$ cat structure-v8.csv   # CSV, N, CA and C atoms
chain,number,residue,atom,x,y,z
X,21,MET,N,-5.2,24.1,19.6
X,21,MET,CA,-5.1,22.8,18.9
X,21,MET,C,-6.2,21.9,19.5
X,22,LYS,N,-6.8,21.2,18.6
X,22,LYS,CA,-7.9,20.2,19.0
X,22,LYS,C,-7.3,18.9,19.3
X,23,ILE,N,-7.1,18.6,20.6
X,23,ILE,CA,-6.4,17.4,21.1
X,23,ILE,C,-7.2,16.2,20.7
X,24,GLY,N,-8.5,16.2,20.8
X,24,GLY,CA,-9.3,15.0,20.5
X,24,GLY,C,-9.2,14.6,19.0
X,25,LYS,N,-9.3,15.6,18.2
X,25,LYS,CA,-9.2,15.4,16.7
X,25,LYS,C,-7.8,14.9,16.4
X,26,LEU,N,-6.8,15.5,17.1
X,26,LEU,CA,-5.4,15.1,16.8
X,26,LEU,C,-5.2,13.7,17.1
X,27,LEU,N,-5.7,13.2,18.3
X,27,LEU,CA,-5.6,11.8,18.7
X,27,LEU,C,-6.3,10.9,17.7
X,28,ILE,N,-7.5,11.3,17.3
X,28,ILE,CA,-8.3,10.4,16.4
X,28,ILE,C,-7.6,10.3,15.1
X,29,ALA,N,-7.1,11.4,14.6
X,29,ALA,CA,-6.3,11.4,13.3
X,29,ALA,C,-5.1,10.6,13.4
X,30,ALA,N,-4.3,10.7,14.5
X,30,ALA,CA,-3.1,9.9,14.7
X,30,ALA,C,-3.5,8.4,14.8
X,31,ILE,N,-4.5,8.0,15.4
X,31,ILE,CA,-5.0,6.6,15.5
X,31,ILE,C,-5.3,6.1,14.1
X,32,ALA,N,-6.1,7.0,13.3
X,32,ALA,CA,-6.4,6.6,12.0
X,32,ALA,C,-5.2,6.4,11.1
X,33,LEU,N,-4.2,7.3,11.3
X,33,LEU,CA,-3.0,7.1,10.5
X,33,LEU,C,-2.2,5.8,10.9
X,34,SER,N,-2.2,5.5,12.2
X,34,SER,CA,-1.6,4.3,12.6
X,34,SER,C,-2.3,3.1,12.1
X,35,LEU,N,-3.6,3.1,12.0
X,35,LEU,CA,-4.3,1.9,11.4
X,35,LEU,C,-4.0,1.8,9.9
X,36,PHE,N,-4.0,3.0,9.3
X,36,PHE,CA,-3.7,3.0,7.8
X,36,PHE,C,-2.3,2.5,7.6
X,37,GLY,N,-1.4,2.9,8.4
X,37,GLY,CA,0.0,2.4,8.2
X,37,GLY,C,0.1,0.9,8.5
X,38,LEU,N,-0.6,0.4,9.5
X,38,LEU,CA,-0.6,-1.0,9.8
X,38,LEU,C,-1.2,-1.8,8.6
X,39,ILE,N,-2.3,-1.3,8.0
X,39,ILE,CA,-2.9,-2.0,6.9
X,39,ILE,C,-2.0,-2.0,5.7
X,40,ILE,N,-1.5,-0.8,5.3
X,40,ILE,CA,-0.6,-0.6,4.2
X,40,ILE,C,0.7,-1.4,4.3
X,41,GLY,N,1.3,-1.4,5.5
X,41,GLY,CA,2.5,-2.1,5.8
X,41,GLY,C,2.3,-3.6,5.6
X,42,ALA,N,1.2,-4.1,6.1
X,42,ALA,CA,0.9,-5.6,6.0
X,42,ALA,C,0.7,-6.0,4.6
X,43,VAL,N,-0.1,-5.2,3.8
X,43,VAL,CA,-0.3,-5.5,2.4
X,43,VAL,C,0.9,-5.4,1.6
X,44,THR,N,1.7,-4.3,1.8
X,44,THR,CA,2.8,-4.0,0.9
X,44,THR,C,4.1,-4.7,1.4
X,45,CYS,N,4.7,-4.2,2.4
X,45,CYS,CA,5.9,-4.7,2.9
X,45,CYS,C,5.8,-6.1,3.4
X,46,GLY,N,4.7,-6.4,4.0
X,46,GLY,CA,4.6,-7.8,4.6
X,46,GLY,C,3.9,-8.8,3.6
X,47,GLY,N,3.5,-8.3,2.5
X,47,GLY,CA,2.7,-9.1,1.5
X,47,GLY,C,3.2,-9.0,0.1
X,48,VAL,N,2.6,-8.2,-0.6
X,48,VAL,CA,2.8,-8.1,-2.1
X,48,VAL,C,4.3,-7.8,-2.5
X,49,PHE,N,4.9,-6.9,-1.7
X,49,PHE,CA,6.2,-6.5,-2.1
X,49,PHE,C,7.3,-7.0,-1.1
X,50,ASN,N,7.0,-8.0,-0.4
X,50,ASN,CA,8.0,-8.5,0.6
X,50,ASN,C,9.2,-9.1,-0.1
X,51,TRP,N,9.1,-9.4,-1.4
X,51,TRP,CA,10.3,-9.9,-2.1
X,51,TRP,C,11.5,-8.9,-2.1
X,52,VAL,N,11.2,-7.6,-2.0
X,52,VAL,CA,12.3,-6.7,-2.0
X,52,VAL,C,13.3,-6.9,-0.9
X,53,TYR,N,12.8,-7.5,0.2
X,53,TYR,CA,13.6,-7.7,1.4
X,53,TYR,C,14.5,-9.0,1.3
X,54,LYS,N,14.3,-9.7,0.2
X,54,LYS,CA,15.0,-10.9,-0.1
X,54,LYS,C,16.2,-10.6,-1.1
X,55,LEU,N,16.2,-9.4,-1.6
X,55,LEU,CA,17.3,-9.0,-2.5
X,55,LEU,C,18.6,-8.7,-1.7
X,56,GLU,N,19.7,-9.1,-2.3
X,56,GLU,CA,21.0,-8.9,-1.6
X,56,GLU,C,21.3,-7.4,-1.5
X,57,PRO,N,21.9,-7.0,-0.4
X,57,PRO,CA,22.3,-7.8,0.8
X,57,PRO,C,21.1,-8.0,1.7
X,58,THR,N,21.0,-9.1,2.2
X,58,THR,CA,19.9,-9.4,3.2
X,58,THR,C,20.3,-9.3,4.6
X,59,ASN,N,21.6,-9.3,4.8
X,59,ASN,CA,22.2,-9.2,6.2
X,59,ASN,C,21.9,-7.9,6.9
X,60,VAL,N,21.3,-6.9,6.1
X,60,VAL,CA,21.1,-5.6,6.7
X,60,VAL,C,19.8,-5.6,7.5
X,61,TRP,N,18.9,-6.6,7.4
X,61,TRP,CA,17.6,-6.7,8.0
X,61,TRP,C,17.7,-7.4,9.3
X,62,LYS,N,17.0,-7.0,10.3
X,62,LYS,CA,16.9,-7.7,11.6
X,62,LYS,C,15.9,-8.9,11.3
X,63,PRO,N,16.2,-10.0,12.0
X,63,PRO,CA,15.3,-11.2,11.8
X,63,PRO,C,13.8,-10.8,12.3
X,64,MET,N,12.9,-11.2,11.5
X,64,MET,CA,11.5,-10.9,11.8
X,64,MET,C,10.7,-12.2,11.8
X,65,ASP,N,10.3,-12.7,13.0
X,65,ASP,CA,9.5,-13.9,13.1
X,65,ASP,C,8.0,-13.6,13.0
X,66,GLY,N,7.7,-12.4,13.0
X,66,GLY,CA,6.2,-12.0,12.9
X,66,GLY,C,6.1,-10.5,12.8
X,67,PRO,N,5.0,-10.0,13.0
X,67,PRO,CA,4.8,-8.5,12.8
X,67,PRO,C,5.6,-7.8,13.9
X,68,PRO,N,5.8,-6.5,13.7
X,68,PRO,CA,6.5,-5.7,14.7
X,68,PRO,C,5.7,-5.7,16.0
X,69,GLY,N,6.4,-5.5,17.1
X,69,GLY,CA,5.9,-5.6,18.4
X,69,GLY,C,5.1,-4.3,18.9
X,70,LEU,N,4.7,-4.3,20.1
X,70,LEU,CA,3.9,-3.2,20.6
X,70,LEU,C,4.7,-1.9,20.6
X,71,ALA,N,5.9,-1.9,21.0
X,71,ALA,CA,6.8,-0.7,21.1
X,71,ALA,C,6.8,0.0,19.7
X,72,TYR,N,6.9,-0.7,18.6
X,72,TYR,CA,6.9,-0.2,17.3
X,72,TYR,C,5.6,0.6,17.1
X,73,HIS,N,4.5,0.1,17.4
X,73,HIS,CA,3.2,0.7,17.2
X,73,HIS,C,3.0,1.9,18.1
X,74,VAL,N,3.5,1.8,19.4
X,74,VAL,CA,3.3,3.0,20.3
X,74,VAL,C,4.2,4.2,19.8
X,75,VAL,N,5.4,3.9,19.4
X,75,VAL,CA,6.2,5.0,18.8
X,75,VAL,C,5.6,5.5,17.5
X,76,GLY,N,5.1,4.6,16.7
X,76,GLY,CA,4.4,5.1,15.5
X,76,GLY,C,3.2,6.0,15.7
X,77,LEU,N,2.5,5.7,16.8
X,77,LEU,CA,1.3,6.5,17.2
X,77,LEU,C,1.9,7.9,17.6
X,78,LEU,N,2.9,7.9,18.4
X,78,LEU,CA,3.5,9.2,18.9
X,78,LEU,C,4.0,10.0,17.7
X,79,LEU,N,4.7,9.4,16.7
X,79,LEU,CA,5.1,10.1,15.5
X,79,LEU,C,4.0,10.6,14.7
X,80,ASN,N,2.9,9.8,14.6
X,80,ASN,CA,1.7,10.3,13.9
X,80,ASN,C,1.1,11.5,14.6
X,81,MET,N,1.1,11.5,15.9
X,81,MET,CA,0.6,12.6,16.7
X,81,MET,C,1.4,13.9,16.3
X,82,ILE,N,2.7,13.7,16.2
X,82,ILE,CA,3.5,14.9,15.8
X,82,ILE,C,3.2,15.3,14.4
X,83,LEU,N,3.0,14.4,13.5
X,83,LEU,CA,2.6,14.7,12.1
X,83,LEU,C,1.3,15.5,12.0
X,84,VAL,N,0.3,15.1,12.8
X,84,VAL,CA,-1.0,15.8,12.9
X,84,VAL,C,-0.8,17.2,13.5
X,85,ALA,N,0.0,17.2,14.6
X,85,ALA,CA,0.2,18.5,15.2
X,85,ALA,C,0.9,19.5,14.3
X,86,VAL,N,1.8,19.1,13.5
X,86,VAL,CA,2.5,20.0,12.6
X,86,VAL,C,1.5,20.5,11.5
X,87,TYR,N,0.6,19.6,11.1
X,87,TYR,CA,-0.4,20.0,10.1
X,87,TYR,C,-1.3,21.0,10.8
X,88,ALA,N,-1.7,20.8,12.1
X,88,ALA,CA,-2.5,21.8,12.8
X,88,ALA,C,-1.9,23.1,12.9
X,89,LEU,N,-0.6,23.2,13.1
X,89,LEU,CA,0.2,24.4,13.2
X,89,LEU,C,0.3,25.1,11.8
X,90,LEU,N,0.4,24.4,10.7
X,90,LEU,CA,0.7,24.9,9.4
X,90,LEU,C,-0.5,25.1,8.5
X,91,ARG,N,-1.6,24.5,8.9
X,91,ARG,CA,-2.7,24.3,7.9
X,91,ARG,C,-3.2,25.6,7.3
X,92,LYS,N,-3.2,26.7,8.0
X,92,LYS,CA,-3.7,28.0,7.4
X,92,LYS,C,-2.7,28.4,6.3
X,93,GLY,N,-1.5,28.0,6.3
X,93,GLY,CA,-0.5,28.5,5.3
X,93,GLY,C,-0.3,27.5,4.2
X,94,ILE,N,-0.9,26.3,4.3
X,94,ILE,CA,-0.8,25.3,3.2
X,94,ILE,C,-1.7,25.7,2.0
X,95,PRO,N,-1.1,25.7,0.8
X,95,PRO,CA,-1.9,26.1,-0.3
X,95,PRO,C,-3.0,25.1,-0.6
X,96,GLY,N,-4.1,25.6,-1.1
X,96,GLY,CA,-5.3,24.8,-1.5
X,96,GLY,C,-6.6,25.5,-1.1
X,97,LYS,N,-7.6,25.3,-1.9
X,97,LYS,CA,-8.9,25.9,-1.6
X,97,LYS,C,-9.7,25.1,-0.7
X,98,SER,N,-9.5,23.8,-0.7
X,98,SER,CA,-10.3,22.9,0.2
X,98,SER,C,-9.4,22.3,1.2
X,99,ARG,N,-10.0,21.7,2.3
X,99,ARG,CA,-9.1,21.1,3.3
X,99,ARG,C,-8.5,19.8,2.7
X,100,LEU,N,-9.2,19.1,1.9
X,100,LEU,CA,-8.6,17.9,1.3
X,100,LEU,C,-7.4,18.2,0.4
X,101,VAL,N,-7.5,19.3,-0.4
X,101,VAL,CA,-6.4,19.7,-1.2
X,101,VAL,C,-5.2,20.1,-0.3
X,102,LYS,N,-5.5,20.8,0.8
X,102,LYS,CA,-4.4,21.2,1.7
X,102,LYS,C,-3.8,19.9,2.3
X,103,GLY,N,-4.6,18.9,2.6
X,103,GLY,CA,-4.1,17.6,3.1
X,103,GLY,C,-3.2,16.9,2.1
X,104,LEU,N,-3.6,16.9,0.9
X,104,LEU,CA,-2.8,16.3,-0.2
X,104,LEU,C,-1.5,17.1,-0.3
X,105,VAL,N,-1.5,18.4,-0.4
X,105,VAL,CA,-0.3,19.2,-0.5
X,105,VAL,C,0.6,19.0,0.7
X,106,TYR,N,0.0,18.9,1.9
X,106,TYR,CA,0.8,18.7,3.1
X,106,TYR,C,1.5,17.3,3.0
X,107,GLY,N,0.8,16.3,2.6
X,107,GLY,CA,1.4,15.0,2.5
X,107,GLY,C,2.6,15.0,1.4
X,108,LEU,N,2.4,15.6,0.3
X,108,LEU,CA,3.4,15.7,-0.7
X,108,LEU,C,4.6,16.5,-0.2
X,109,CYS,N,4.4,17.6,0.6
X,109,CYS,CA,5.5,18.3,1.2
X,109,CYS,C,6.3,17.5,2.2
X,110,VAL,N,5.6,16.7,3.0
X,110,VAL,CA,6.2,15.9,4.0
X,110,VAL,C,7.1,14.8,3.3
X,111,TRP,N,6.6,14.3,2.2
X,111,TRP,CA,7.3,13.3,1.4
X,111,TRP,C,8.6,14.0,0.8
X,112,ALA,N,8.4,15.2,0.3
X,112,ALA,CA,9.5,15.9,-0.4
X,112,ALA,C,10.6,16.3,0.5
X,113,VAL,N,10.2,16.8,1.7
X,113,VAL,CA,11.3,17.3,2.6
X,113,VAL,C,11.7,16.3,3.7
X,114,GLY,N,10.8,15.3,3.9
X,114,GLY,CA,11.2,14.3,4.9
X,114,GLY,C,11.7,13.0,4.3
X,115,MET,N,11.0,12.5,3.3
X,115,MET,CA,11.4,11.2,2.8
X,115,MET,C,12.5,11.2,1.8
X,116,LEU,N,12.4,12.1,0.8
X,116,LEU,CA,13.4,12.2,-0.2
X,116,LEU,C,14.9,12.3,0.3
X,117,PRO,N,15.1,13.2,1.2
X,117,PRO,CA,16.5,13.3,1.7
X,117,PRO,C,16.9,12.0,2.5
X,118,GLY,N,16.0,11.4,3.2
X,118,GLY,CA,16.3,10.2,3.9
X,118,GLY,C,16.6,9.0,2.9
X,119,MET,N,15.9,9.0,1.8
X,119,MET,CA,16.1,7.9,0.8
X,119,MET,C,17.4,8.2,0.1
X,120,PHE,N,17.7,9.4,-0.2
X,120,PHE,CA,19.0,9.7,-0.8
X,120,PHE,C,20.2,9.3,0.1
X,121,ALA,N,20.1,9.6,1.4
X,121,ALA,CA,21.1,9.2,2.3
X,121,ALA,C,21.2,7.7,2.5
X,122,THR,N,20.0,7.1,2.5
X,122,THR,CA,20.0,5.6,2.6
X,122,THR,C,20.8,5.0,1.4
X,123,TYR,N,20.4,5.5,0.2
X,123,TYR,CA,21.1,5.0,-1.0
X,123,TYR,C,22.6,5.3,-1.0
X,124,TYR,N,22.9,6.5,-0.6
X,124,TYR,CA,24.3,6.9,-0.7
X,124,TYR,C,25.2,6.3,0.4
X,125,PHE,N,24.7,6.2,1.6
X,125,PHE,CA,25.6,5.8,2.7
X,125,PHE,C,25.4,4.4,3.3
X,126,MET,N,24.3,3.7,2.8
X,126,MET,CA,24.0,2.4,3.4
X,126,MET,C,24.0,1.3,2.4
X,127,THR,N,24.3,0.1,2.9
X,127,THR,CA,24.3,-1.1,2.0
X,127,THR,C,22.9,-1.7,2.0
X,128,VAL,N,22.1,-1.1,1.2
X,128,VAL,CA,20.7,-1.5,1.0
X,128,VAL,C,20.5,-1.6,-0.5
X,129,ALA,N,19.8,-2.7,-1.0
X,129,ALA,CA,19.6,-2.8,-2.4
X,129,ALA,C,18.9,-1.6,-3.0
X,130,THR,N,19.3,-1.1,-4.1
X,130,THR,CA,18.8,0.0,-4.8
X,130,THR,C,17.3,-0.1,-5.0
X,131,GLU,N,16.8,-1.3,-5.3
X,131,GLU,CA,15.4,-1.6,-5.5
X,131,GLU,C,14.6,-1.3,-4.2
X,132,VAL,N,15.2,-1.5,-3.1
X,132,VAL,CA,14.5,-1.2,-1.8
X,132,VAL,C,14.3,0.3,-1.7
X,133,VAL,N,15.3,1.0,-2.0
X,133,VAL,CA,15.2,2.5,-1.9
X,133,VAL,C,14.2,3.0,-2.8
X,134,VAL,N,14.2,2.5,-4.1
X,134,VAL,CA,13.2,3.0,-5.0
X,134,VAL,C,11.8,2.6,-4.6
X,135,TYR,N,11.6,1.4,-4.1
X,135,TYR,CA,10.4,0.9,-3.6
X,135,TYR,C,9.9,1.8,-2.4
X,136,TRP,N,10.7,2.1,-1.4
X,136,TRP,CA,10.3,2.9,-0.3
X,136,TRP,C,9.9,4.3,-0.8
X,137,THR,N,10.7,4.8,-1.7
X,137,THR,CA,10.4,6.2,-2.2
X,137,THR,C,9.1,6.3,-2.9
X,138,ILE,N,8.8,5.3,-3.8
X,138,ILE,CA,7.5,5.2,-4.5
X,138,ILE,C,6.4,5.0,-3.5
X,139,LEU,N,6.6,4.1,-2.6
X,139,LEU,CA,5.6,3.8,-1.6
X,139,LEU,C,5.2,5.1,-0.8
X,140,GLY,N,6.3,5.8,-0.4
X,140,GLY,CA,6.1,7.1,0.3
X,140,GLY,C,5.3,8.1,-0.5
X,141,LEU,N,5.6,8.1,-1.8
X,141,LEU,CA,4.9,9.0,-2.7
X,141,LEU,C,3.4,8.7,-2.7
X,142,VAL,N,3.0,7.5,-2.6
X,142,VAL,CA,1.6,7.1,-2.5
X,142,VAL,C,1.1,7.3,-1.1
X,143,GLU,N,1.8,6.9,-0.1
X,143,GLU,CA,1.4,6.8,1.3
X,143,GLU,C,1.2,8.2,1.9
X,144,TYR,N,2.2,9.1,1.8
X,144,TYR,CA,2.1,10.4,2.4
X,144,TYR,C,1.0,11.3,2.0
X,145,PRO,N,0.7,11.4,0.7
X,145,PRO,CA,-0.5,12.2,0.3
X,145,PRO,C,-1.8,11.7,0.9
X,146,ILE,N,-1.9,10.3,0.9
X,146,ILE,CA,-3.1,9.7,1.5
X,146,ILE,C,-3.1,10.1,3.0
X,147,MET,N,-2.0,10.0,3.6
X,147,MET,CA,-2.0,10.4,5.1
X,147,MET,C,-2.4,11.8,5.3
X,148,GLY,N,-1.9,12.7,4.4
X,148,GLY,CA,-2.3,14.1,4.4
X,148,GLY,C,-3.8,14.2,4.3
X,149,LEU,N,-4.4,13.5,3.3
X,149,LEU,CA,-5.9,13.5,3.2
X,149,LEU,C,-6.6,13.0,4.4
X,150,ILE,N,-6.1,12.0,5.1
X,150,ILE,CA,-6.7,11.5,6.3
X,150,ILE,C,-6.6,12.5,7.4
X,151,ILE,N,-5.5,13.1,7.5
X,151,ILE,CA,-5.3,14.2,8.5
X,151,ILE,C,-6.3,15.3,8.3
X,152,ALA,N,-6.3,15.8,7.1
X,152,ALA,CA,-7.2,17.0,6.8
X,152,ALA,C,-8.7,16.6,6.9
X,153,ALA,N,-9.0,15.4,6.5
X,153,ALA,CA,-10.4,15.0,6.6
X,153,ALA,C,-10.9,14.9,8.1
X,154,ILE,N,-10.0,14.4,9.0
X,154,ILE,CA,-10.4,14.3,10.4
X,154,ILE,C,-10.1,15.6,11.2
X,155,TYR,N,-9.0,16.2,11.0
X,155,TYR,CA,-8.7,17.4,11.8
X,155,TYR,C,-9.5,18.6,11.3
X,156,GLY,N,-9.7,18.7,10.0
X,156,GLY,CA,-10.5,19.8,9.5
X,156,GLY,C,-9.9,21.1,9.5
X,157,GLU,N,-10.7,22.1,9.4
X,157,GLU,CA,-10.2,23.5,9.3
X,157,GLU,C,-9.8,24.1,10.6
$ encode --input "structure-v8.csv" --output "structure tokens"
Amino acid sequence: MKIGKLLIAAIALSLFGLIIGAVTCGGVFNWVYKLEPTNVWKPMDGPPGLAYHVVGLLLNMILVAVYALLRKGIPGKSRLVKGLVYGLCVWAVGMLPGMFATYYFMTVATEVVVYWTILGLVEYPIMGLIIAAIYGE
């Protein structure tokens, strides 16, 4: 496993997540967090703190490491197609079950669950592309 490329890819994913989160959840689509019930959200006086970003980086390192382990078995003729497929697979097996459980067991507005699901459908394939572009073959 290429540790340097893994770390660079994880940092790139973290920066991507920071930008996407600020633009979408913190900006354009922040209205979804004002839908009832609003008492499910922790008060936010500003952006998430350092601990959030450190844990996010660690989780992104795991995401890249899993790609590195599986990349030879991921369908696709080019590494970018493999990255796209990987991102879609992560969304399908990671995000969809979580969103179903959130909808079914938690008191969160349905619009929030739909928003997160669609955002993930856009975000995870792009993350897969970033991983494949940086980590390579």
$ closest_residue --input "structure-v8.csv" --among "X:Val142, X:Ile40, X:Leu77, X:Ala129" --to "X:Leu55" --atoms "all atoms listed in the file"
X:Ala129
$ residues_around --input "structure-v8.csv" --residues "X:Arg91" --least-positions-apart "2" --cutoff "9 Å" --atoms "only C-alpha atoms" --output "list in words"
Val86, Tyr87, Ala88, Leu89, Gly93, Ile94, Pro95, Arg99, Lys102, Gly103, Tyr106, Ala152 and Glu157 of chain X
$ write_last_selection --input "structure-v8.csv" --atoms "N, CA and C atoms" --output "PDB file, in the frame of the given file"
ATOM      1  N   VAL X  86       1.800  19.100  13.500  1.00  0.00           N
ATOM      2  CA  VAL X  86       2.500  20.000  12.600  1.00  0.00           C
ATOM      3  C   VAL X  86       1.500  20.500  11.500  1.00  0.00           C
ATOM      4  N   TYR X  87       0.600  19.600  11.100  1.00  0.00           N
ATOM      5  CA  TYR X  87      -0.400  20.000  10.100  1.00  0.00           C
ATOM      6  C   TYR X  87      -1.300  21.000  10.800  1.00  0.00           C
ATOM      7  N   ALA X  88      -1.700  20.800  12.100  1.00  0.00           N
ATOM      8  CA  ALA X  88      -2.500  21.800  12.800  1.00  0.00           C
ATOM      9  C   ALA X  88      -1.900  23.100  12.900  1.00  0.00           C
ATOM     10  N   LEU X  89      -0.600  23.200  13.100  1.00  0.00           N
ATOM     11  CA  LEU X  89       0.200  24.400  13.200  1.00  0.00           C
ATOM     12  C   LEU X  89       0.300  25.100  11.800  1.00  0.00           C
ATOM     13  N   GLY X  93      -1.500  28.000   6.300  1.00  0.00           N
ATOM     14  CA  GLY X  93      -0.500  28.500   5.300  1.00  0.00           C
ATOM     15  C   GLY X  93      -0.300  27.500   4.200  1.00  0.00           C
ATOM     16  N   ILE X  94      -0.900  26.300   4.300  1.00  0.00           N
ATOM     17  CA  ILE X  94      -0.800  25.300   3.200  1.00  0.00           C
ATOM     18  C   ILE X  94      -1.700  25.700   2.000  1.00  0.00           C
ATOM     19  N   PRO X  95      -1.100  25.700   0.800  1.00  0.00           N
ATOM     20  CA  PRO X  95      -1.900  26.100  -0.300  1.00  0.00           C
ATOM     21  C   PRO X  95      -3.000  25.100  -0.600  1.00  0.00           C
ATOM     22  N   ARG X  99     -10.000  21.700   2.300  1.00  0.00           N
ATOM     23  CA  ARG X  99      -9.100  21.100   3.300  1.00  0.00           C
ATOM     24  C   ARG X  99      -8.500  19.800   2.700  1.00  0.00           C
ATOM     25  N   LYS X 102      -5.500  20.800   0.800  1.00  0.00           N
ATOM     26  CA  LYS X 102      -4.400  21.200   1.700  1.00  0.00           C
ATOM     27  C   LYS X 102      -3.800  19.900   2.300  1.00  0.00           C
ATOM     28  N   GLY X 103      -4.600  18.900   2.600  1.00  0.00           N
ATOM     29  CA  GLY X 103      -4.100  17.600   3.100  1.00  0.00           C
ATOM     30  C   GLY X 103      -3.200  16.900   2.100  1.00  0.00           C
ATOM     31  N   TYR X 106       0.000  18.900   1.900  1.00  0.00           N
ATOM     32  CA  TYR X 106       0.800  18.700   3.100  1.00  0.00           C
ATOM     33  C   TYR X 106       1.500  17.300   3.000  1.00  0.00           C
ATOM     34  N   ALA X 152      -6.300  15.800   7.100  1.00  0.00           N
ATOM     35  CA  ALA X 152      -7.200  17.000   6.800  1.00  0.00           C
ATOM     36  C   ALA X 152      -8.700  16.600   6.900  1.00  0.00           C
ATOM     37  N   GLU X 157     -10.700  22.100   9.400  1.00  0.00           N
ATOM     38  CA  GLU X 157     -10.200  23.500   9.300  1.00  0.00           C
ATOM     39  C   GLU X 157      -9.800  24.100  10.600  1.00  0.00           C
TER      40      GLU X 157
END
$ residues_around --input "structure-v8.csv" --residues "X:Val110" --least-positions-apart "5" --cutoff "9 Å" --atoms "only C-alpha atoms" --output "ChimeraX atom specification"
/X:83,105,115,144-145,148
$ atom_distance --input "structure-v8.csv" --atom1 "atom CA of X:Tyr53" --atom2 "atom CA of X:Val132"
7.3 Å
$ residues_around --input "structure-v8.csv" --residues "stretch 32-37 of chain X" --least-positions-apart "6" --cutoff "7 Å" --atoms "only N, CA and C atoms" --output "list of chain:residue names"
X:Gly76, X:Leu77, X:Asn80, X:Met147, X:Ile150
$ closest_residue --input "structure-v8.csv" --among "X:Cys45, X:Leu108, X:Leu116, X:Ala30" --to "X:Val75" --atoms "only C-alpha atoms"
X:Ala30
$ select_by_dssp --input "structure-v8.csv" --residues "chain X" --states "helix (DSSP H, G or I)" --output "PyMOL selection string"
chain X and resi 23-48+50-54+70-93+99-125+130-155
$ residues_around --input "structure-v8.csv" --residues "X:Ala29" --least-positions-apart "2" --cutoff "8 Å" --atoms "only C-alpha atoms" --output "list of chain:residue names"
X:Lys25, X:Leu26, X:Leu27, X:Ile31, X:Ala32, X:Leu33, X:Met81, X:Val84, X:Ile150, X:Ile151, X:Ile154, X:Tyr155
$ closest_residue --input "structure-v8.csv" --among "X:Thr122, X:Ser98, X:Thr127, X:Thr44" --to "X:Pro57" --atoms "all atoms listed in the file"
X:Thr127
$ atom_distance --input "structure-v8.csv" --atom1 "atom N of X:Tyr72" --atom2 "atom N of X:Val43"
17.0 Å
$ closest_residue --input "structure-v8.csv" --among "X:Pro67, X:Leu100, X:Gly107, X:Glu131" --to "X:Gly47" --atoms "only C-alpha atoms"
X:Pro67
$ atom_distance --input "structure-v8.csv" --atom1 "atom CA of X:Val52" --atom2 "atom N of X:Cys109"
25.7 Å
$ closest_residue --input "structure-v8.csv" --among "X:Pro68, X:Gly96, X:Ala153, X:Leu141" --to "X:Ala42" --atoms "only C-alpha atoms"
X:Pro68
$ closest_residue --input "structure-v8.csv" --among "X:Trp136, X:Ile39, X:Gly156, X:Val101" --to "X:Met119" --atoms "only N, CA and C atoms"
X:Trp136
